[in-house]
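Working notes for the structure below.
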Amino acid sequence: MTAGPTEADLLQRAATGDRAAFEAFVRSTAPSVWTLIRRSTACDSMAEEALQETFVAAWRGLDRYRGEASPRAWLYGVARNQAARTWRRRAGEPTFTESIDEHLGLAAGWGSDPEVAASRAEDRRHLEAALKKLSDNDQEILGLCDLRGLAATEAADILGLQPTAARVRLHRARLRLMAVLRKGGTHA
Amino acid sequence: MPDDTLTCQEVLLDLDRYIEGTLPPARLDLVVAHVRDCPRCAAFGEAYARTVTALRALPTPDLPATATTRLLERLSEEP
């Protein structure tokens, strides 16, 4: 039994224009690139956009791969750059807010029944369904901070926002998520 | 009713930094004092924290097969 070509072999062949080699490289690495990107956003469409931009940039930049880093290390660097570009492009203009809208808190159960939202959040099906109902911007900030674990200040750098704007966006997104959960019933 | 210098609205604004432990100490003291005496904010703060904890525990979904197909189609358009 012979081992197949390594990812480094595939990249070298791709650099000479071998599309089949690049396709094999894509099939081998796309799942892990997806995981890297998808941890940064709760939004599938944004993650897929960043995934596509990553491999298009990799294809266009094959001549810049020198083999000093492993193929995956190089590819993950490309993915991080492309994901950051995608988030920035989608983020739009930063919006400063002086205060959180009290109605947002009330919709989330502030002062009435916050337990409902929390209980549904602890059911993975409800939580995933509720996330999908949020805007792309809300999914993005929750993905960066709560799914990937970045601080709001780090997310602000990625999104090109002021730290306070990122913090407010995150807090509001969580409140909107709680509101969706609270309203959602058994099929949020 | 809580008898301190923060309103419920002000505590709501600070909930994120409260659960993340990033409030400045003086502000933290005020929020803690308020939450201790205000069942409404205590209950909401707990629910907020539980929601964030649940979010952080979500696994990353797998790459959909259709996304791979679309990616390869997109790459086939590249010169």
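Going by the structure tokens order, chains are called A, B, ..., each with residues numbered from 1, while ligands are numbered from 1 in the order shown.
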
Checklist line | Interface list for chain A, partner chain B, 8 Å threshold, only C-alpha atoms, as a ChimeraX atom specification | finding: /A:23,27,30-31,34-35,38-39,48,51-52,55-56,99-100,102,105,109-112,114-115,117-118,121-122,124,127,146-149,171,174-175,178

Who sits within 8 Å of A:Ala130, only C-alpha atoms, same chain under 5 positions skipped, as a PDB file with N, CA and C atoms, in the first residue's frame:
```pdb
ATOM      1  N   LEU A 177     -30.899  37.811  21.455  1.00  0.00           N
ATOM      2  CA  LEU A 177     -30.961  36.342  21.470  1.00  0.00           C
ATOM      3  C   LEU A 177     -31.908  35.863  22.566  1.00  0.00           C
ATOM      4  N   VAL A 180     -35.453  36.345  21.462  1.00  0.00           N
ATOM      5  CA  VAL A 180     -35.894  35.319  20.506  1.00  0.00           C
ATOM      6  C   VAL A 180     -36.161  34.017  21.249  1.00  0.00           C
ATOM      7  N   LEU A 181     -35.288  33.661  22.160  1.00  0.00           N
ATOM      8  CA  LEU A 181     -35.471  32.426  22.929  1.00  0.00           C
ATOM      9  C   LEU A 181     -36.765  32.481  23.734  1.00  0.00           C
ATOM     10  N   GLY A 184     -39.720  32.012  21.616  1.00  0.00           N
ATOM     11  CA  GLY A 184     -39.655  30.917  20.665  1.00  0.00           C
ATOM     12  C   GLY A 184     -40.521  29.721  20.896  1.00  0.00           C
ATOM     13  N   ALA A 188     -38.087  27.432  18.447  1.00  0.00           N
ATOM     14  CA  ALA A 188     -37.632  28.824  18.385  1.00  0.00           C
ATOM     15  C   ALA A 188     -37.326  29.242  16.966  1.00  0.00           C
TER      16      ALA A 188
END
```

Item checked: Residue with smallest distance to A:Leu150 - pool A:Leu134, A:Ser32, A:Ser70, A:Thr41, counting only C-alpha atoms ->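 Smallest separation from A:Leu150 among the options: A:Thr41.
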
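Our summary of the geometry notes that atom CA of A:Arg64 is positioned 21.7 Å from atom CA of A:Thr86.
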
Checklist line | Neighbour list for stretch 1-15 of chain A as JSON, numbers by chain, cut-off 8 Å, only C-alpha atoms, skip fewer than 2 positions in-chain | finding: {"A": [17, 18, 19, 20, 21, 22, 24, 25, 62, 63, 67, 70, 71]}

Writing out the chosen residues with N, CA and C atoms as a PDB file, in the first residue's frame:
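File out00.pdb, as written:
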```pdb
ATOM      1  N   GLY A  17      -0.130  24.814 -11.790  1.00  0.00           N
ATOM      2  CA  GLY A  17      -1.388  24.903 -12.529  1.00  0.00           C
ATOM      3  C   GLY A  17      -2.206  23.630 -12.505  1.00  0.00           C
ATOM      4  N   ASP A  18      -1.811  22.681 -11.685  1.00  0.00           N
ATOM      5  CA  ASP A  18      -2.529  21.402 -11.613  1.00  0.00           C
ATOM      6  C   ASP A  18      -3.798  21.579 -10.765  1.00  0.00           C
ATOM      7  N   ARG A  19      -4.924  21.760 -11.433  1.00  0.00           N
ATOM      8  CA  ARG A  19      -6.182  22.022 -10.722  1.00  0.00           C
ATOM      9  C   ARG A  19      -6.660  20.812  -9.920  1.00  0.00           C
ATOM     10  N   ALA A  20      -6.412  19.623 -10.453  1.00  0.00           N
ATOM     11  CA  ALA A  20      -6.840  18.419  -9.724  1.00  0.00           C
ATOM     12  C   ALA A  20      -6.100  18.330  -8.388  1.00  0.00           C
ATOM     13  N   ALA A  21      -4.817  18.698  -8.391  1.00  0.00           N
ATOM     14  CA  ALA A  21      -4.053  18.671  -7.137  1.00  0.00           C
ATOM     15  C   ALA A  21      -4.624  19.688  -6.156  1.00  0.00           C
ATOM     16  N   PHE A  22      -5.011  20.859  -6.657  1.00  0.00           N
ATOM     17  CA  PHE A  22      -5.567  21.868  -5.753  1.00  0.00           C
ATOM     18  C   PHE A  22      -6.927  21.415  -5.220  1.00  0.00           C
ATOM     19  N   ALA A  24      -7.805  18.381  -4.658  1.00  0.00           N
ATOM     20  CA  ALA A  24      -7.526  17.389  -3.603  1.00  0.00           C
ATOM     21  C   ALA A  24      -7.082  18.089  -2.318  1.00  0.00           C
ATOM     22  N   PHE A  25      -6.301  19.146  -2.480  1.00  0.00           N
ATOM     23  CA  PHE A  25      -5.865  19.929  -1.318  1.00  0.00           C
ATOM     24  C   PHE A  25      -7.077  20.572  -0.629  1.00  0.00           C
ATOM     25  N   LEU A  62      -0.622  30.991  -4.708  1.00  0.00           N
ATOM     26  CA  LEU A  62       0.201  29.776  -4.605  1.00  0.00           C
ATOM     27  C   LEU A  62       1.680  30.056  -4.831  1.00  0.00           C
ATOM     28  N   ASP A  63       1.975  31.012  -5.707  1.00  0.00           N
ATOM     29  CA  ASP A  63       3.388  31.286  -5.999  1.00  0.00           C
ATOM     30  C   ASP A  63       4.097  31.929  -4.809  1.00  0.00           C
ATOM     31  N   GLY A  67       7.048  27.133   1.241  1.00  0.00           N
ATOM     32  CA  GLY A  67       7.337  25.869   1.899  1.00  0.00           C
ATOM     33  C   GLY A  67       8.050  26.020   3.231  1.00  0.00           C
ATOM     34  N   SER A  70       4.248  24.900   7.260  1.00  0.00           N
ATOM     35  CA  SER A  70       3.493  23.755   6.752  1.00  0.00           C
ATOM     36  C   SER A  70       2.350  24.290   5.895  1.00  0.00           C
ATOM     37  N   PRO A  71       1.859  23.478   4.944  1.00  0.00           N
ATOM     38  CA  PRO A  71       0.744  23.952   4.113  1.00  0.00           C
ATOM     39  C   PRO A  71      -0.443  24.435   4.945  1.00  0.00           C
TER      40      PRO A  71
END
```

Next item on the list: Could you give me, as a ChimeraX atom specification, each residue of stretch 17-166 of chain A that DSSP assigns to alpha helix (DSSP H) when run on this structure's backbone?
Entry: /A:19-38,44-60,71-91,102-107,114-121,124-132,136-142,152-159,163-166

Notebook entry, point to check: A:Asn81: which residues within 12 Å, counting only C-alpha atoms, same-chain residues fewer than 6 positions away excluded, as a PyMOL selection string?
Noted result: chain A and resi 36-37+50-51+53-55+57-58+74-75+87-88+158-159

How would the residues just chosen look if you wrote them out with N, CA and C atoms as a PDB file, in the first residue's frame?
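selection-v3.pdb, freshly written:
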```pdb
ATOM      1  N   LEU A  36     -12.125  26.497  11.771  1.00  0.00           N
ATOM      2  CA  LEU A  36     -11.430  27.711  12.222  1.00  0.00           C
ATOM      3  C   LEU A  36     -12.304  28.952  12.004  1.00  0.00           C
ATOM      4  N   ILE A  37     -12.880  29.051  10.806  1.00  0.00           N
ATOM      5  CA  ILE A  37     -13.675  30.232  10.464  1.00  0.00           C
ATOM      6  C   ILE A  37     -15.009  30.224  11.204  1.00  0.00           C
ATOM      7  N   ALA A  50     -16.363  33.519   3.750  1.00  0.00           N
ATOM      8  CA  ALA A  50     -14.946  33.586   4.141  1.00  0.00           C
ATOM      9  C   ALA A  50     -14.187  32.341   3.685  1.00  0.00           C
ATOM     10  N   LEU A  51     -14.855  31.192   3.721  1.00  0.00           N
ATOM     11  CA  LEU A  51     -14.217  29.945   3.261  1.00  0.00           C
ATOM     12  C   LEU A  51     -13.859  30.060   1.773  1.00  0.00           C
ATOM     13  N   GLU A  53     -13.471  32.809  -0.011  1.00  0.00           N
ATOM     14  CA  GLU A  53     -12.429  33.823  -0.215  1.00  0.00           C
ATOM     15  C   GLU A  53     -11.057  33.285   0.185  1.00  0.00           C
ATOM     16  N   THR A  54     -11.036  32.426   1.204  1.00  0.00           N
ATOM     17  CA  THR A  54      -9.761  31.840   1.639  1.00  0.00           C
ATOM     18  C   THR A  54      -9.136  31.005   0.532  1.00  0.00           C
ATOM     19  N   PHE A  55      -9.930  30.118  -0.065  1.00  0.00           N
ATOM     20  CA  PHE A  55      -9.343  29.224  -1.069  1.00  0.00           C
ATOM     21  C   PHE A  55      -9.095  29.940  -2.392  1.00  0.00           C
ATOM     22  N   ALA A  57      -8.104  33.068  -2.509  1.00  0.00           N
ATOM     23  CA  ALA A  57      -6.841  33.777  -2.222  1.00  0.00           C
ATOM     24  C   ALA A  57      -5.671  32.803  -2.222  1.00  0.00           C
ATOM     25  N   ALA A  58      -5.899  31.600  -1.694  1.00  0.00           N
ATOM     26  CA  ALA A  58      -4.820  30.601  -1.677  1.00  0.00           C
ATOM     27  C   ALA A  58      -4.436  30.216  -3.109  1.00  0.00           C
ATOM     28  N   TRP A  74       0.251  27.834   6.609  1.00  0.00           N
ATOM     29  CA  TRP A  74       0.117  28.892   5.598  1.00  0.00           C
ATOM     30  C   TRP A  74      -1.358  29.152   5.290  1.00  0.00           C
ATOM     31  N   LEU A  75      -2.108  28.082   5.077  1.00  0.00           N
ATOM     32  CA  LEU A  75      -3.520  28.207   4.732  1.00  0.00           C
ATOM     33  C   LEU A  75      -4.308  28.856   5.866  1.00  0.00           C
ATOM     34  N   TRP A  87     -15.514  39.863   7.710  1.00  0.00           N
ATOM     35  CA  TRP A  87     -16.246  40.447   8.844  1.00  0.00           C
ATOM     36  C   TRP A  87     -16.303  41.967   8.695  1.00  0.00           C
ATOM     37  N   ARG A  88     -15.171  42.560   8.289  1.00  0.00           N
ATOM     38  CA  ARG A  88     -15.134  44.027   8.168  1.00  0.00           C
ATOM     39  C   ARG A  88     -16.104  44.499   7.091  1.00  0.00           C
ATOM     40  N   ILE A 158     -10.923  43.168  14.858  1.00  0.00           N
ATOM     41  CA  ILE A 158     -11.253  42.390  13.664  1.00  0.00           C
ATOM     42  C   ILE A 158     -12.322  43.092  12.838  1.00  0.00           C
ATOM     43  N   LEU A 159     -13.296  43.675  13.518  1.00  0.00           N
ATOM     44  CA  LEU A 159     -14.433  44.264  12.817  1.00  0.00           C
ATOM     45  C   LEU A 159     -14.211  45.716  12.426  1.00  0.00           C
TER      46      LEU A 159
END
```

Notebook entry, point to check: Distance atom CA of A:Thr29-atom CA of A:Arg85, one decimal place?
Noted result: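 Rounded to one decimal, the two atoms are 20.5 Å apart.
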
Margin query: Please list as a count of residues only every residue within 6 Å of A:Ala179, counting only C-alpha atoms and excluding residues in the same chain fewer than 3 positions away.
Written below: 4

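In this model, the gap between atom CA of A:Asp136 and atom CA of A:Arg80 comes to 18.8 Å.
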